[in-house]
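Visitor: If it helps, the file is called query31.cif and holds mmCIF, C-alpha atoms:
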data_start
#
loop_
_atom_site.group_PDB
_atom_site.id
_atom_site.type_symbol
_atom_site.label_atom_id
_atom_site.label_comp_id
_atom_site.auth_asym_id
_atom_site.auth_seq_id
_atom_site.Cartn_x
_atom_site.Cartn_y
_atom_site.Cartn_z
ATOM 1 C CA MET A 115 23.063 -7.573 15.147
ATOM 2 C CA THR A 116 22.337 -4.760 17.596
ATOM 3 C CA LYS A 117 18.951 -3.043 17.514
ATOM 4 C CA PRO A 118 20.149 0.356 16.199
ATOM 5 C CA LYS A 119 22.107 -1.421 13.494
ATOM 6 C CA LEU A 120 19.046 -3.408 12.474
ATOM 7 C CA THR A 121 16.998 -0.195 12.315
ATOM 8 C CA GLU A 122 19.701 1.372 10.166
ATOM 9 C CA GLU A 123 19.743 -1.608 7.801
ATOM 10 C CA ILE A 124 15.963 -1.543 7.459
ATOM 11 C CA MET A 125 15.981 2.194 6.810
ATOM 12 C CA GLN A 126 18.706 1.832 4.220
ATOM 13 C CA LYS A 127 16.615 -0.744 2.374
ATOM 14 C CA VAL A 128 13.539 1.474 2.644
ATOM 15 C CA VAL A 129 15.423 4.533 1.376
ATOM 16 C CA ARG A 130 16.919 2.528 -1.504
ATOM 17 C CA PHE A 131 13.433 1.379 -2.456
ATOM 18 C CA GLU A 132 12.044 4.908 -2.128
ATOM 19 C CA LYS A 133 14.828 6.362 -4.278
ATOM 20 C CA ARG A 134 14.032 3.862 -7.006
ATOM 21 C CA ARG A 135 10.286 4.441 -6.724
ATOM 22 C CA THR A 136 10.486 8.238 -6.685
ATOM 23 C CA GLY A 137 13.024 8.235 -9.513
ATOM 24 C CA PHE A 138 10.812 5.936 -11.539
ATOM 25 C CA TRP A 139 7.778 8.137 -10.869
ATOM 26 C CA LEU A 140 9.599 11.308 -11.918
ATOM 27 C CA GLY A 141 11.131 9.602 -14.960
ATOM 28 C CA ARG A 142 7.746 8.319 -16.055
ATOM 29 C CA LEU A 143 6.212 11.744 -15.563
ATOM 30 C CA VAL A 144 8.896 13.427 -17.677
ATOM 31 C CA LEU A 145 8.572 10.762 -20.371
ATOM 32 C CA ILE A 146 4.781 11.147 -20.575
ATOM 33 C CA LEU A 147 5.147 14.936 -20.587
ATOM 34 C CA VAL A 148 7.695 14.835 -23.412
ATOM 35 C CA ILE A 149 5.517 12.469 -25.472
ATOM 36 C CA LEU A 150 2.399 14.588 -24.964
ATOM 37 C CA LEU A 151 4.238 17.810 -25.789
ATOM 38 C CA ALA A 152 5.734 16.239 -28.907
ATOM 39 C CA ILE A 153 2.263 15.121 -30.024
ATOM 40 C CA LEU A 154 0.849 18.555 -29.243
ATOM 41 C CA ILE A 155 3.572 20.462 -31.109
ATOM 42 C CA GLY A 156 3.531 18.027 -34.057
ATOM 43 C CA PHE A 157 -0.207 18.169 -34.607
ATOM 44 C CA PHE A 158 -0.332 21.891 -33.902
ATOM 45 C CA ARG A 159 2.187 22.457 -36.701
ATOM 46 C CA ILE A 160 0.211 20.198 -39.058
ATOM 47 C CA ALA A 161 -3.039 22.016 -38.263
ATOM 48 C CA ALA A 162 -1.419 25.477 -38.541
ATOM 49 C CA ARG A 163 0.233 24.647 -41.896
ATOM 50 C CA ARG A 164 -3.067 23.398 -43.263
ATOM 51 C CA LEU A 165 -4.951 26.479 -42.088
ATOM 52 C CA MET A 166 -2.299 28.759 -43.591
ATOM 53 C CA GLU A 167 -2.392 26.926 -46.913
ATOM 54 C CA THR A 168 -6.134 27.203 -47.200
ATOM 55 C CA GLN A 169 -6.119 30.713 -45.722
ATOM 56 C CA THR A 170 -9.063 29.583 -43.645
ATOM 57 C CA LEU A 171 -8.218 31.852 -40.763
ATOM 58 C CA GLU A 172 -8.822 34.870 -42.929
ATOM 59 C CA LEU A 173 -12.499 34.096 -42.554
ATOM 60 C CA LEU A 174 -12.149 35.275 -38.984
ATOM 61 C CA THR A 175 -11.924 38.858 -40.220
ATOM 62 C CA LEU A 176 -15.716 38.662 -40.295
ATOM 63 C CA PHE A 177 -15.635 39.270 -36.564
ATOM 64 C CA GLN A 178 -14.063 42.698 -37.138
ATOM 65 C CA LYS A 179 -17.116 43.781 -39.093
ATOM 66 C CA ASP A 180 -20.502 45.205 -38.028
ATOM 67 C CA LYS A 181 -22.606 43.443 -35.469
ATOM 68 C CA GLU A 182 -25.402 42.903 -37.969
ATOM 69 C CA GLU A 183 -23.060 41.291 -40.452
ATOM 70 C CA ILE A 184 -21.556 39.080 -37.747
ATOM 71 C CA ALA A 185 -25.039 38.032 -36.619
ATOM 72 C CA GLU A 186 -25.954 37.090 -40.164
ATOM 73 C CA PHE A 187 -22.837 35.212 -41.228
ATOM 74 C CA TRP A 188 -21.157 33.828 -38.105
ATOM 75 C CA GLN A 189 -22.753 30.394 -38.324
ATOM 76 C CA ASP A 190 -21.752 29.953 -41.978
ATOM 77 C CA THR A 191 -18.249 31.166 -41.201
ATOM 78 C CA VAL A 192 -17.797 28.726 -38.320
ATOM 79 C CA ALA A 193 -19.152 25.899 -40.493
ATOM 80 C CA VAL A 194 -16.688 26.724 -43.273
ATOM 81 C CA ILE A 195 -13.754 26.976 -40.869
ATOM 82 C CA TRP A 196 -14.660 23.612 -39.343
ATOM 83 C CA ALA A 197 -15.065 22.022 -42.773
ATOM 84 C CA GLU A 198 -11.718 23.347 -44.028
ATOM 85 C CA ALA A 199 -9.811 22.697 -40.836
ATOM 86 C CA PRO A 200 -7.853 19.445 -40.328
ATOM 87 C CA GLN A 201 -10.439 17.976 -37.974
ATOM 88 C CA ARG A 202 -8.515 14.866 -36.963
ATOM 89 C CA ALA A 203 -5.488 16.949 -35.974
ATOM 90 C CA ILE A 204 -7.640 19.349 -33.982
ATOM 91 C CA ILE A 205 -9.335 16.494 -32.112
ATOM 92 C CA ILE A 206 -5.930 15.020 -31.276
ATOM 93 C CA ILE A 207 -4.733 18.436 -30.065
ATOM 94 C CA LEU A 208 -7.784 18.791 -27.821
ATOM 95 C CA LEU A 209 -7.376 15.270 -26.401
ATOM 96 C CA THR A 210 -3.688 15.930 -25.763
ATOM 97 C CA LEU A 211 -4.564 19.139 -23.943
ATOM 98 C CA VAL A 212 -7.045 17.235 -21.768
ATOM 99 C CA ALA A 213 -4.374 14.613 -21.001
ATOM 100 C CA LEU A 214 -1.900 17.364 -20.106
ATOM 101 C CA LEU A 215 -4.453 18.956 -17.816
ATOM 102 C CA ILE A 216 -5.082 15.637 -16.028
ATOM 103 C CA LEU A 217 -1.330 15.116 -15.732
ATOM 104 C CA PHE A 218 -0.924 18.589 -14.293
ATOM 105 C CA ILE A 219 -3.664 18.003 -11.690
ATOM 106 C CA LEU A 220 -2.149 14.667 -10.664
ATOM 107 C CA PHE A 221 1.309 16.185 -10.465
ATOM 108 C CA LYS A 222 0.092 19.106 -8.377
ATOM 109 C CA LYS A 223 -1.623 16.704 -5.987
ATOM 110 C CA LYS A 224 1.400 14.446 -5.637
ATOM 111 C CA LEU A 225 4.094 17.144 -5.647
ATOM 112 C CA PRO A 226 4.187 17.821 -1.856
ATOM 113 C CA VAL A 227 4.590 14.075 -1.162
ATOM 114 C CA ILE A 228 7.360 13.698 -3.725
ATOM 115 C CA ARG A 229 9.120 16.834 -2.488
ATOM 116 C CA LYS A 230 8.999 15.580 1.107
ATOM 117 C CA ARG A 231 10.295 12.161 0.062
ATOM 118 C CA ILE A 232 13.211 13.661 -1.831
ATOM 119 C CA SER A 233 14.094 15.888 1.108
ATOM 120 C CA ASP A 234 13.911 12.931 3.543
ATOM 121 C CA ILE A 235 16.089 10.800 1.274
ATOM 122 C CA ALA A 236 18.676 13.599 1.225
ATOM 123 C CA LYS A 237 18.467 13.986 5.026
ATOM 124 C CA PHE A 238 18.916 10.259 5.583
ATOM 125 C CA GLN A 239 21.864 10.033 3.217
ATOM 126 C CA LYS A 240 23.532 13.003 4.861
ATOM 127 C CA ARG A 241 23.080 11.376 8.247
ATOM 128 C CA VAL A 242 24.567 8.074 7.034
ATOM 129 C CA LYS A 243 27.512 9.942 5.535
ATOM 130 C CA ASN A 244 28.157 11.788 8.788
ATOM 131 C CA ASN A 245 28.091 8.585 10.845
ATOM 132 C CA MET B 156 4.261 10.573 21.162
ATOM 133 C CA PRO B 157 2.507 9.960 17.839
ATOM 134 C CA THR B 158 0.328 6.881 17.523
ATOM 135 C CA ASP B 159 1.026 4.232 14.903
ATOM 136 C CA GLU B 160 -1.851 5.498 12.794
ATOM 137 C CA GLU B 161 -0.540 9.080 12.921
ATOM 138 C CA LEU B 162 2.876 7.843 11.855
ATOM 139 C CA VAL B 163 1.351 5.907 8.961
ATOM 140 C CA ARG B 164 -0.485 9.042 7.847
ATOM 141 C CA GLN B 165 2.785 11.002 8.004
ATOM 142 C CA ILE B 166 4.536 8.364 5.905
ATOM 143 C CA GLN B 167 1.690 8.456 3.399
ATOM 144 C CA ARG B 168 2.321 12.198 3.123
ATOM 145 C CA GLY B 169 5.949 11.500 2.205
ATOM 146 C CA ASP B 170 7.656 11.540 5.587
ATOM 147 C CA ILE B 171 10.001 8.582 5.127
ATOM 148 C CA LEU B 172 11.806 9.219 8.404
ATOM 149 C CA ALA B 173 8.571 8.680 10.354
ATOM 150 C CA PHE B 174 8.908 5.047 9.338
ATOM 151 C CA GLU B 175 12.042 4.854 11.453
ATOM 152 C CA VAL B 176 9.930 5.498 14.552
ATOM 153 C CA LEU B 177 7.662 2.605 13.603
ATOM 154 C CA VAL B 178 10.682 0.372 13.015
ATOM 155 C CA GLU B 179 12.114 1.251 16.421
ATOM 156 C CA ARG B 180 8.750 0.673 18.025
ATOM 157 C CA TYR B 181 8.174 -2.791 16.615
ATOM 158 C CA GLU B 182 11.481 -4.383 15.651
ATOM 159 C CA GLY B 183 12.244 -5.797 19.110
ATOM 160 C CA ARG B 184 8.874 -7.459 19.497
ATOM 161 C CA LEU B 185 8.910 -8.706 15.951
ATOM 162 C CA LEU B 186 12.415 -10.085 16.267
ATOM 163 C CA ASN B 187 11.434 -12.011 19.411
ATOM 164 C CA PHE B 188 8.370 -13.364 17.690
ATOM 165 C CA VAL B 189 10.215 -14.497 14.581
ATOM 166 C CA PHE B 190 13.096 -15.902 16.561
ATOM 167 C CA ARG B 191 10.706 -18.086 18.554
ATOM 168 C CA LEU B 192 9.556 -19.594 15.301
ATOM 169 C CA THR B 193 12.841 -19.911 13.461
ATOM 170 C CA HIS B 194 15.375 -20.362 16.292
ATOM 171 C CA ASN B 195 17.834 -18.811 13.881
ATOM 172 C CA GLU B 196 19.123 -15.301 14.548
ATOM 173 C CA PRO B 197 20.411 -14.272 11.094
ATOM 174 C CA LEU B 198 17.284 -15.653 9.435
ATOM 175 C CA SER B 199 15.048 -13.866 11.942
ATOM 176 C CA GLU B 200 16.804 -10.580 11.226
ATOM 177 C CA GLU B 201 16.420 -11.092 7.507
ATOM 178 C CA ILE B 202 12.715 -11.869 7.895
ATOM 179 C CA VAL B 203 12.231 -8.805 10.087
ATOM 180 C CA GLN B 204 13.995 -6.596 7.546
ATOM 181 C CA ASN B 205 11.904 -8.007 4.720
ATOM 182 C CA ALA B 206 8.714 -7.604 6.738
ATOM 183 C CA PHE B 207 9.401 -3.923 7.342
ATOM 184 C CA VAL B 208 10.303 -3.298 3.714
ATOM 185 C CA ALA B 209 7.140 -5.145 2.594
ATOM 186 C CA ILE B 210 5.053 -3.023 4.934
ATOM 187 C CA TYR B 211 6.670 0.162 3.682
ATOM 188 C CA LYS B 212 5.958 -0.807 0.085
ATOM 189 C CA LYS B 213 2.268 -1.185 0.884
ATOM 190 C CA ILE B 214 1.995 1.738 3.275
ATOM 191 C CA ASP B 215 0.085 3.954 0.839
ATOM 192 C CA ASN B 216 -2.743 1.425 0.830
ATOM 193 C CA ILE B 217 -3.017 1.004 4.583
ATOM 194 C CA ASP B 218 -6.349 2.080 5.967
ATOM 195 C CA THR B 219 -5.452 4.323 8.910
ATOM 196 C CA SER B 220 -8.856 3.885 10.474
ATOM 197 C CA ARG B 221 -7.834 0.297 11.261
ATOM 198 C CA LYS B 222 -5.316 -0.786 13.835
ATOM 199 C CA PHE B 223 -1.851 -0.711 12.294
ATOM 200 C CA SER B 224 -0.409 -3.316 14.629
ATOM 201 C CA SER B 225 -2.913 -5.948 13.457
ATOM 202 C CA TYR B 226 -1.961 -5.380 9.851
ATOM 203 C CA PHE B 227 1.699 -5.273 10.745
ATOM 204 C CA TYR B 228 1.695 -8.597 12.571
ATOM 205 C CA GLN B 229 -0.354 -10.207 9.829
ATOM 206 C CA VAL B 230 2.285 -9.285 7.239
ATOM 207 C CA ALA B 231 5.077 -10.418 9.536
ATOM 208 C CA LYS B 232 3.325 -13.682 10.256
ATOM 209 C CA ASN B 233 2.729 -14.445 6.588
ATOM 210 C CA LEU B 234 6.327 -13.668 5.696
ATOM 211 C CA THR B 235 7.618 -15.803 8.528
ATOM 212 C CA ILE B 236 5.427 -18.710 7.538
ATOM 213 C CA SER B 237 6.576 -18.554 3.940
ATOM 214 C CA GLU B 238 10.230 -18.295 4.974
ATOM 215 C CA ILE B 239 9.900 -21.196 7.381
ATOM 216 C CA ARG B 240 8.125 -23.233 4.734
ATOM 217 C CA LYS B 241 11.017 -22.664 2.381
ATOM 218 C CA LEU B 242 13.294 -24.112 5.013
ATOM 219 C CA LYS B 243 10.934 -26.798 6.269
ATOM 220 C CA PRO B 244 8.392 -27.614 3.577
ATOM 221 C CA GLN B 245 6.782 -30.231 5.790
ATOM 222 C CA LEU B 246 5.794 -27.691 8.429
ATOM 223 C CA ARG B 247 2.059 -27.593 8.942
ATOM 224 C CA LEU B 248 0.272 -24.305 8.740
ATOM 225 C CA GLU B 249 -1.528 -25.113 11.954
ATOM 226 C CA GLU B 250 1.740 -25.114 13.819
ATOM 227 C CA VAL B 251 2.315 -21.487 13.104
ATOM 228 C CA GLY B 252 -1.232 -20.438 12.386
ATOM 229 C CA GLU B 253 -2.185 -19.826 15.963
ATOM 230 C CA ILE B 254 0.078 -16.870 16.203
ATOM 231 C CA SER B 255 -2.186 -13.918 16.043
ATOM 232 C CA GLN B 256 -1.420 -10.390 15.071
ATOM 233 C CA ASP B 257 -2.847 -8.456 17.930
ATOM 234 C CA GLU B 258 -0.840 -6.173 20.159
ATOM 235 C CA ASP B 259 -0.822 -5.243 23.835
ATOM 236 C CA GLY B 260 0.733 -8.434 25.089
ATOM 237 C CA ALA B 261 -1.651 -10.746 23.296
ATOM 238 C CA PHE B 262 1.039 -11.334 20.765
ATOM 239 C CA GLU B 263 3.599 -12.301 23.380
ATOM 240 C CA LYS B 264 1.041 -14.488 25.092
ATOM 241 C CA MET B 265 0.330 -16.291 21.886
ATOM 242 C CA SER B 266 3.973 -16.866 21.129
ATOM 243 C CA THR B 267 4.277 -18.512 24.510
ATOM 244 C CA ARG B 268 1.218 -20.596 23.824
ATOM 245 C CA PHE B 269 2.651 -21.579 20.533
ATOM 246 C CA GLN B 270 5.623 -23.008 22.337
ATOM 247 C CA SER B 271 3.218 -25.375 23.917
ATOM 248 C CA LYS B 272 3.120 -27.703 20.960
ATOM 249 C CA GLU B 273 0.639 -29.853 22.759
ATOM 250 C CA ILE B 274 -2.067 -27.208 22.556
ATOM 251 C CA ALA B 275 -1.228 -26.424 18.957
ATOM 252 C CA ARG B 276 -1.424 -30.081 18.075
ATOM 253 C CA ALA B 277 -4.706 -30.549 19.926
ATOM 254 C CA ILE B 278 -6.217 -27.592 18.085
ATOM 255 C CA SER B 279 -4.972 -28.823 14.727
ATOM 256 C CA HIS B 280 -6.822 -32.093 15.317
ATOM 257 C CA LEU B 281 -10.141 -30.356 15.779
ATOM 258 C CA GLU B 282 -12.565 -30.024 12.911
ATOM 259 C CA ASN B 283 -11.910 -26.933 10.827
ATOM 260 C CA LYS B 284 -15.065 -25.150 11.988
ATOM 261 C CA TYR B 285 -14.011 -25.573 15.629
ATOM 262 C CA GLN B 286 -10.427 -24.540 14.901
ATOM 263 C CA LYS B 287 -11.667 -21.302 13.397
ATOM 264 C CA VAL B 288 -13.718 -20.209 16.395
ATOM 265 C CA ILE B 289 -10.967 -21.191 18.834
ATOM 266 C CA LYS B 290 -8.396 -19.177 16.945
ATOM 267 C CA LEU B 291 -10.620 -16.153 16.582
ATOM 268 C CA TYR B 292 -11.756 -16.186 20.194
ATOM 269 C CA PHE B 293 -8.537 -16.982 22.029
ATOM 270 C CA PHE B 294 -5.794 -15.812 19.732
ATOM 271 C CA GLU B 295 -7.350 -12.889 17.914
ATOM 272 C CA GLU B 296 -9.419 -12.034 20.981
ATOM 273 C CA LEU B 297 -12.564 -11.288 19.033
ATOM 274 C CA SER B 298 -15.945 -11.154 20.720
ATOM 275 C CA TYR B 299 -18.771 -13.584 19.896
ATOM 276 C CA LYS B 300 -20.389 -10.851 17.860
ATOM 277 C CA GLU B 301 -17.235 -10.165 15.860
ATOM 278 C CA ILE B 302 -16.652 -13.863 15.213
ATOM 279 C CA ALA B 303 -20.257 -14.260 14.093
ATOM 280 C CA TRP B 304 -19.858 -11.350 11.701
ATOM 281 C CA LYS B 305 -16.517 -12.583 10.394
ATOM 282 C CA LEU B 306 -17.694 -16.141 9.781
ATOM 283 C CA GLY B 307 -21.198 -15.192 8.713
ATOM 284 C CA LEU B 308 -22.785 -17.332 11.421
ATOM 285 C CA PRO B 309 -25.519 -16.685 13.972
ATOM 286 C CA ILE B 310 -24.093 -15.674 17.333
ATOM 287 C CA ASN B 311 -25.589 -18.726 19.046
ATOM 288 C CA THR B 312 -23.834 -21.036 16.609
ATOM 289 C CA VAL B 313 -20.547 -19.371 17.500
ATOM 290 C CA ARG B 314 -21.314 -19.844 21.178
ATOM 291 C CA THR B 315 -22.163 -23.512 20.689
ATOM 292 C CA ARG B 316 -19.119 -24.212 18.550
ATOM 293 C CA LEU B 317 -16.846 -22.568 21.042
ATOM 294 C CA ARG B 318 -18.321 -24.534 23.936
ATOM 295 C CA ARG B 319 -17.939 -27.789 22.021
ATOM 296 C CA ALA B 320 -14.424 -26.914 20.871
ATOM 297 C CA LYS B 321 -13.364 -26.146 24.428
ATOM 298 C CA ALA B 322 -14.809 -29.419 25.640
ATOM 299 C CA MET B 323 -13.050 -31.345 22.883
ATOM 300 C CA LEU B 324 -9.769 -29.624 23.611
ATOM 301 C CA LYS B 325 -10.113 -30.342 27.286
ATOM 302 C CA ARG B 326 -10.688 -34.020 26.532
ATOM 303 C CA LYS B 327 -7.708 -34.184 24.200
ATOM 304 C CA LEU B 328 -5.393 -32.426 26.590
ATOM 305 C CA THR B 329 -6.345 -34.438 29.646
ATOM 306 C CA LYS B 330 -5.961 -37.781 27.885
#
So that I can check it, write out the structure of this file as C-alpha cells.
Guide:
Amino acid sequence: MTKPKLTEEIMQKVVRFEKRRTGFWLGRLVLILVILLAILIGFFRIAARRLMETQTLELLTLFQKDKEEIAEFWQDTVAVIWAEAPQRAIIIILLTLVALLILFILFKKKLPVIRKRISDIAKFQKRVKNN
Amino acid sequence: MPTDEELVRQIQRGDILAFEVLVERYEGRLLNFVFRLTHNEPLSEEIVQNAFVAIYKKIDNIDTSRKFSSYFYQVAKNLTISEIRKLKPQLRLEEVGEISQDEDGAFEKMSTRFQSKEIARAISHLENKYQKVIKLYFFEELSYKEIAWKLGLPINTVRTRLRRAKAMLKRKLTK
C-alpha cells in the first residue's frame, strides 16, 4: 500500500469512529434533555394543578397589601404556602432545573469542539467524494 | 510547522484534520518499525492503522506537557507485541521489549539493535533488576537520575547495577 493511501485509510477509520462518537454524544444529549424536560413539565403540571385546587397561590395577594401588613404576615403566609404545596414535586422540579443547568454548562463548554468535529467530518467526506 | 504537542492540542479542540498531519509525520517510521518485527507487510499496515486509531481514541486524555512521540511509540509497541503474540504465542516479551519509544533516531537505532538477537538474548538472560537498568539507560536513554526516580532507587545503586550489568553483558557476548 502506498503511503498516501495508508494515510487515507487511517483517516477514514478515524472519521468513521468520530462520526459514531459525535453522533452518540449528540444522541445522548438529546435523550437526557428530553427526559429532563418531560420530568420538569410533568411535575410542574402536578404542582400547578395541586396549587390551583387548594387555591394556595391566592395567599400571595398579601404582597399587594400595605408594607406593615406584609411585615406582620409574610412568614405565616410563606409557611402556609410551603405546607400546602406539593413539596416532593417542587423538590423534583428544583433538582431537574439544577440538572438542566449543569447540562447546559457542559454543552456550552463542549459545543465548539463538537461543531469543529462536525465541520471537519463534512470537509473530509467532501474531499473523499471529490477524489 | 506545528509541533506534535500543538497538533494534539488542536485535535483535542476538535480539529480532526490535524490528526492527518500526525499520521503523515509518523506512519513511515512506524511502518518500518513494525515491519522489522513482523516481516509481514499487510499485517504491519493493519497494526499501523490500528495503532493510529487507538491513539486517536485516547487523544483527549493525552497530557500535552509530555512528549507525544514517547506515548505514541509506547502504544504502537504494545499493539505490535500483542499482535505478534497472537501470531506467535511463544514469542518472549524480552525479544520485543527492548524496542523503546523515543524519537530522534533512537527508535531506529533500537530497531537495528533489536535485529541483533544476540544482544537481546544476552539481556534477557540477565537478572530482572539488571535488565531494567540496561533498558532504561540504553534504550529509553534516561539519565541515572531519571532511572533512580523511576525505579525508586538511590542513584548510586543505579550506577552500580548498570556497571555490573554492562560487565555481565560483555562477558556473555564475548564468550
Visitor: Looking at A:Ala161, A:Val192, A:Val242, A:Ile228, which one is nearest to chain B, with distances taken over only C-alpha atoms?
Guide: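 Ranking A:Ala161, A:Val192, A:Val242, A:Ile228 by distance to chain B, first place goes to A:Ile228.
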Visitor: If I put a ball of radius 10 Å at (-13.8, -23.9, 21.2) in the file's coordinates, which residues poke into it when counting all atoms listed in the file, written as a list in words?
Guide: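 Within 10 Å of (-13.8, -23.9, 21.2), the protein and nucleic acid residues are Ile278, Leu281, Lys284, Tyr285, Gln286, Lys287, Val288, Ile289, Lys290, Leu291, Tyr292, Phe293, Val313, Arg314, Thr315, Arg316, Leu317, Arg318, Arg319, Ala320, Lys321, Ala322, Met323, Leu324 and Lys325 of chain B.
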Visitor: Might you pull out every residue within 7 Å of range 167-184 of chain B, with only C-alpha atoms counted and same-chain residues fewer than 6 positions away left off, and present them as an MDAnalysis selection string?
Guide: (chainID A and resid 121 125 227:228 230:231 234) or (chainID B and resid 159 214:215)
Visitor: Write down, as a PyMOL selection string, each residue of chain A that has any atom within 9 Å of an atom of chain B, counting only C-alpha atoms.
Guide: chain A and resi 115+117-118+120-125+127-129+131-132+226-235+237-238
Visitor: Between CA of Pro200 in chain A and CA of Arg159 in chain A, measure the distance and give it in Å to one decimal.
Guide: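 Here the two named atoms are 11.1 Å from each other.
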Visitor: Could you list, as a list in words, every residue matched by the PyMOL selection byres ((chain A and resi 173) around 10) in this structure?
Guide: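 On this input, the PyMOL selection byres ((chain A and resi 173) around 10) captures Gln169, Thr170, Leu171, Glu172, Leu174, Thr175, Leu176, Phe177, Trp188, Thr191, Val192, Val194 and Ile195 of chain A.
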Visitor: Work out how far CA of Lys240 in chain A is from CA of Met156 in chain B, in Å to one decimal.
Guide: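 CA of Met156 in chain B sits 25.4 Å away from CA of Lys240 in chain A.
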